[in-house]
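*Asks:* Data file my_file.cif (mmCIF, C-alpha atoms) is appended below.
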```cif
data_start
loop_
_atom_site.group_PDB
_atom_site.id
_atom_site.type_symbol
_atom_site.label_atom_id
_atom_site.label_comp_id
_atom_site.auth_asym_id
_atom_site.auth_seq_id
_atom_site.Cartn_x
_atom_site.Cartn_y
_atom_site.Cartn_z
ATOM 1 C CA MET L 13 -89.131 -32.420 0.045
ATOM 2 C CA THR L 14 -88.386 -32.957 -3.609
ATOM 3 C CA ASP L 15 -85.964 -30.813 -5.542
ATOM 4 C CA SER L 16 -88.573 -30.328 -8.266
ATOM 5 C CA ILE L 17 -90.976 -28.622 -5.832
ATOM 6 C CA GLN L 18 -88.175 -26.377 -4.582
ATOM 7 C CA LYS L 19 -87.263 -25.499 -8.186
ATOM 8 C CA GLN L 20 -90.919 -24.844 -9.020
ATOM 9 C CA ILE L 21 -91.268 -22.511 -6.023
ATOM 10 C CA GLY L 22 -87.980 -20.795 -6.864
ATOM 11 C CA LYS L 23 -89.136 -20.172 -10.427
ATOM 12 C CA VAL L 24 -92.402 -18.589 -9.256
ATOM 13 C CA VAL L 25 -90.503 -16.373 -6.806
ATOM 14 C CA GLN L 26 -87.970 -15.300 -9.455
ATOM 15 C CA ASP L 27 -90.507 -14.794 -12.265
ATOM 16 C CA ASN L 28 -92.761 -12.412 -10.304
ATOM 17 C CA ASP L 29 -91.839 -9.071 -8.739
ATOM 18 C CA ILE L 30 -94.364 -9.703 -5.958
ATOM 19 C CA VAL L 31 -95.710 -13.119 -5.031
ATOM 20 C CA LEU L 32 -97.876 -14.122 -2.105
ATOM 21 C CA PHE L 33 -98.096 -17.752 -1.068
ATOM 22 C CA MET L 34 -101.433 -17.910 0.698
ATOM 23 C CA LYS L 35 -104.360 -20.077 1.699
ATOM 24 C CA GLY L 36 -107.003 -19.414 -0.919
ATOM 25 C CA THR L 37 -106.910 -16.581 -3.443
ATOM 26 C CA PRO L 38 -106.930 -12.800 -3.043
ATOM 27 C CA GLU L 39 -110.595 -12.848 -4.089
ATOM 28 C CA PHE L 40 -111.502 -15.798 -1.826
ATOM 29 C CA PRO L 41 -108.946 -16.101 0.996
ATOM 30 C CA GLN L 42 -109.303 -19.211 3.130
ATOM 31 C CA CYS L 43 -107.771 -17.836 6.330
ATOM 32 C CA GLY L 44 -107.740 -14.510 8.125
ATOM 33 C CA PHE L 45 -103.970 -14.076 7.946
ATOM 34 C CA SER L 46 -103.944 -14.611 4.178
ATOM 35 C CA GLN L 47 -106.878 -12.216 3.842
ATOM 36 C CA ARG L 48 -105.037 -9.540 5.827
ATOM 37 C CA VAL L 49 -101.875 -9.685 3.724
ATOM 38 C CA ALA L 50 -103.799 -9.829 0.427
ATOM 39 C CA SER L 51 -105.840 -6.788 1.516
ATOM 40 C CA ILE L 52 -102.715 -4.856 2.471
ATOM 41 C CA LEU L 53 -101.165 -5.589 -0.927
ATOM 42 C CA ALA L 54 -104.371 -4.738 -2.794
ATOM 43 C CA ALA L 55 -104.389 -1.301 -1.178
ATOM 44 C CA TYR L 56 -101.170 -0.457 -3.049
ATOM 45 C CA GLU L 57 -102.816 -1.184 -6.394
ATOM 46 C CA ILE L 58 -99.754 -3.051 -7.617
ATOM 47 C CA PRO L 59 -100.355 -6.358 -9.403
ATOM 48 C CA PHE L 60 -99.052 -9.392 -7.554
ATOM 49 C CA ALA L 61 -99.006 -13.109 -8.156
ATOM 50 C CA ALA L 62 -100.760 -15.349 -5.648
ATOM 51 C CA VAL L 63 -100.195 -19.055 -5.117
ATOM 52 C CA ASN L 64 -102.962 -20.974 -3.375
ATOM 53 C CA VAL L 65 -101.056 -23.486 -1.248
ATOM 54 C CA LEU L 66 -104.259 -25.373 -0.489
ATOM 55 C CA LEU L 67 -104.271 -26.759 -4.042
ATOM 56 C CA ASP L 68 -101.058 -28.756 -3.559
ATOM 57 C CA ASP L 69 -99.759 -30.208 -0.297
ATOM 58 C CA ALA L 70 -96.248 -30.430 -1.754
ATOM 59 C CA VAL L 71 -96.214 -26.671 -2.392
ATOM 60 C CA ARG L 72 -97.827 -26.011 0.998
ATOM 61 C CA GLU L 73 -95.036 -27.857 2.791
ATOM 62 C CA GLY L 74 -92.355 -26.930 0.253
ATOM 63 C CA ILE L 75 -92.724 -23.192 0.735
ATOM 64 C CA LYS L 76 -92.030 -23.627 4.449
ATOM 65 C CA VAL L 77 -88.761 -25.378 3.601
ATOM 66 C CA PHE L 78 -87.942 -22.885 0.829
ATOM 67 C CA SER L 79 -88.149 -19.893 3.169
ATOM 68 C CA ASP L 80 -87.286 -21.675 6.423
ATOM 69 C CA TRP L 81 -90.456 -20.028 7.752
ATOM 70 C CA PRO L 82 -93.139 -22.176 9.427
ATOM 71 C CA THR L 83 -96.323 -20.297 8.565
ATOM 72 C CA ILE L 84 -98.404 -19.158 5.609
ATOM 73 C CA PRO L 85 -98.953 -16.573 4.142
ATOM 74 C CA GLN L 86 -95.499 -15.702 2.881
ATOM 75 C CA LEU L 87 -94.655 -12.622 0.830
ATOM 76 C CA TYR L 88 -91.742 -12.358 -1.603
ATOM 77 C CA VAL L 89 -90.676 -9.134 -3.293
ATOM 78 C CA LYS L 90 -88.058 -9.149 -6.049
ATOM 79 C CA GLY L 91 -87.036 -12.697 -5.180
ATOM 80 C CA GLU L 92 -86.555 -11.996 -1.475
ATOM 81 C CA PHE L 93 -88.634 -13.395 1.380
ATOM 82 C CA VAL L 94 -90.196 -10.451 3.229
ATOM 83 C CA GLY L 95 -92.269 -12.188 5.898
ATOM 84 C CA GLY L 96 -95.613 -13.448 7.068
ATOM 85 C CA CYS L 97 -98.729 -11.704 8.315
ATOM 86 C CA ASP L 98 -97.301 -10.155 11.479
ATOM 87 C CA ILE L 99 -94.211 -8.807 9.736
ATOM 88 C CA ILE L 100 -96.187 -7.440 6.777
ATOM 89 C CA SER L 101 -98.688 -5.803 9.152
ATOM 90 C CA GLU L 102 -95.860 -4.171 11.110
ATOM 91 C CA MET L 103 -94.171 -3.012 7.896
ATOM 92 C CA GLN L 104 -97.485 -1.549 6.718
ATOM 93 C CA GLU L 105 -97.921 0.396 9.955
ATOM 94 C CA SER L 106 -94.335 1.694 9.990
ATOM 95 C CA GLY L 107 -94.305 2.716 6.323
ATOM 96 C CA GLU L 108 -91.562 0.205 5.443
ATOM 97 C CA LEU L 109 -93.829 -1.713 3.100
ATOM 98 C CA ALA L 110 -94.704 1.426 1.143
ATOM 99 C CA GLU L 111 -90.973 2.115 0.712
ATOM 100 C CA LEU L 112 -90.320 -1.450 -0.423
ATOM 101 C CA LEU L 113 -93.161 -1.418 -2.967
ATOM 102 C CA ALA L 114 -92.758 2.181 -4.224
ATOM 103 C CA PRO L 115 -90.261 1.327 -7.011
ATOM 104 C CA LEU L 116 -92.596 -1.387 -8.294
ATOM 105 C CA LYS L 117 -95.562 0.971 -8.377
ATOM 106 C CA GLN L 118 -93.628 3.479 -10.496
ATOM 107 C CA ASN L 119 -92.621 0.763 -12.952
ATOM 108 C CA GLY L 120 -96.036 -0.886 -13.043
#
```
Is it possible to express this structure as structure tokens?

*Replies:*
Amino acid sequence: MTDSIQKQIGKVVQDNDIVLFMKGTPEFPQCGFSQRVASILAAYEIPFAAVNVLLDDAVREGIKVFSDWPTIPQLYVKGEFVGGCDIISEMQESGELAELLAPLKQNG
């Protein structure tokens, strides 16, 4: 994996309060897991950046190296890797995700 891809991914993660690396877009997700996470985020009515990993194989593979996480989607909040679909779903159900995103909603 090239350093430039890792730097590119790092810049996206640092430049956006919330970023979702997903298959497809929030409007047209290309897998059920990506759709689930995008829908959960949309329910909070907080803007988030989305990166369609299907547009670039280097980013698709690079994000897995960047996070040391094997699957997509991947959610980052304030520069920190939060998790994939199962983790985000569990956080949604427990209320943890609402707590994590609450400060961003007040500022947004």

*Asks:* Go through L:Ala70, L:Val63, L:Met34, L:Ala54 one by one, measure the shortest atom-to-atom distance of each to Gln18 in chain L using only C-alpha atoms, and give the residue with the smallest value.

*Replies:*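 Result for the nearest residue to Gln18 in chain L: L:Ala70.
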
*Asks:* I'd like the neighbourhood of Leu53 in chain L as a list in words, where a residue qualifies if any of its atoms comes within 10 Å (using only C-alpha atoms), though same-chain residues fewer than 5 positions away should be ignored.

*Replies:* Ile30, Leu32, Pro38, Gln47, Arg48, Ile58, Pro59, Phe60, Leu87, Ile100, Gln104, Leu109, Ala110 and Leu113 of chain L

*Asks:* Keeping only C-alpha atoms, write those residues as a short mmCIF file (atom, residue, chain, number, x, y, z; two decimals), keeping the file's coordinate frame.

*Replies:*
```
data_model
loop_
_atom_site.label_atom_id
_atom_site.label_comp_id
_atom_site.auth_asym_id
_atom_site.auth_seq_id
_atom_site.Cartn_x
_atom_site.Cartn_y
_atom_site.Cartn_z
CA ILE L 30 -94.36 -9.70 -5.96
CA LEU L 32 -97.88 -14.12 -2.10
CA PRO L 38 -106.93 -12.80 -3.04
CA GLN L 47 -106.88 -12.22 3.84
CA ARG L 48 -105.04 -9.54 5.83
CA ILE L 58 -99.75 -3.05 -7.62
CA PRO L 59 -100.36 -6.36 -9.40
CA PHE L 60 -99.05 -9.39 -7.55
CA LEU L 87 -94.66 -12.62 0.83
CA ILE L 100 -96.19 -7.44 6.78
CA GLN L 104 -97.48 -1.55 6.72
CA LEU L 109 -93.83 -1.71 3.10
CA ALA L 110 -94.70 1.43 1.14
CA LEU L 113 -93.16 -1.42 -2.97
#
```

*Asks:* Can you list, as a PyMOL selection string, every protein, DNA or RNA residue that comes within 12 Å of Gly44 in chain L when you count only C-alpha atoms, leaving out same-chain residues fewer than 2 positions away?

*Replies:* chain L and resi 34-38+40-42+46-51+84-85+97-98

*Asks:* Could you check which of L:Gly95, L:Ala55, L:Phe33, L:Lys117 is closest to Val71 in chain L, using only C-alpha atoms?

*Replies:*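 Between L:Gly95, L:Ala55, L:Phe33, L:Lys117, the residue approaching Val71 in chain L most closely is L:Phe33.
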
*Asks:* For Asp15 in chain L, which residue among L:Ile75, L:Leu67, L:Val31, L:Ala62 is the nearest when counting all atoms listed in the file?

*Replies:* L:Ile75

*Asks:* Between L:Cys43, L:Val89, L:Val94, L:Val25, single out the one closest to Pro115 in chain L, counting all atoms listed in the file.

*Replies:* L:Val89

*Asks:* Using all atoms listed in the file, which residue out of L:Asn64, L:Leu116, L:Asn28, L:Phe45 lies closest to Gly96 in chain L?

*Replies:*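 When distances to Gly96 in chain L are compared using all atoms listed in the file, the smallest one comes from L:Phe45.
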
*Asks:* Go ahead and compute the interatomic distance for CA of Glu105 in chain L and CA of Lys90 in chain L, in Å to one decimal.

*Replies:*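 Separating CA of Glu105 in chain L from CA of Lys90 in chain L is a distance of 21.1 Å.
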
*Asks:* What is the distance, in Å and to one decimal place, between CA of Glu102 in chain L and CA of Ala114 in chain L?

*Replies:*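 Between these atoms lies a distance of 16.9 Å.
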
*Asks:* Take CA of Asp68 in chain L and CA of Glu39 in chain L and report the distance between them in Å, one decimal.

*Replies:*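 Result for CA of Asp68 in chain L versus CA of Glu39 in chain L: 18.6 Å, one decimal.
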
*Asks:* Give me, as a VMD selection string, all polymer residues having an atom no more than 10 Å from Glu73 in chain L, counting all atoms listed in the file and skipping those fewer than 6 positions away in the same chain.

*Replies:* chain L and resid 13 17 65 82 to 84

*Asks:* Tell me which of L:Ser106, L:Asp29, L:Leu66, L:Gln20 sits closest to Glu92 in chain L, counting all atoms listed in the file.

*Replies:*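 Counting all atoms listed in the file, the residue closest to Glu92 in chain L is L:Asp29.
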
*Asks:* As lines of an AutoDock Vina configuration file, please report the centre and edge lengths, rounded to one decimal in Å, of the axis-aligned box that holds all listed atoms of range 38-41 of chain L with 3 Å of padding on each of the six sides.

*Replies:*
```
center_x = -109.2
center_y = -14.5
center_z = -1.5
size_x = 10.6
size_y = 9.3
size_z = 11.1
```
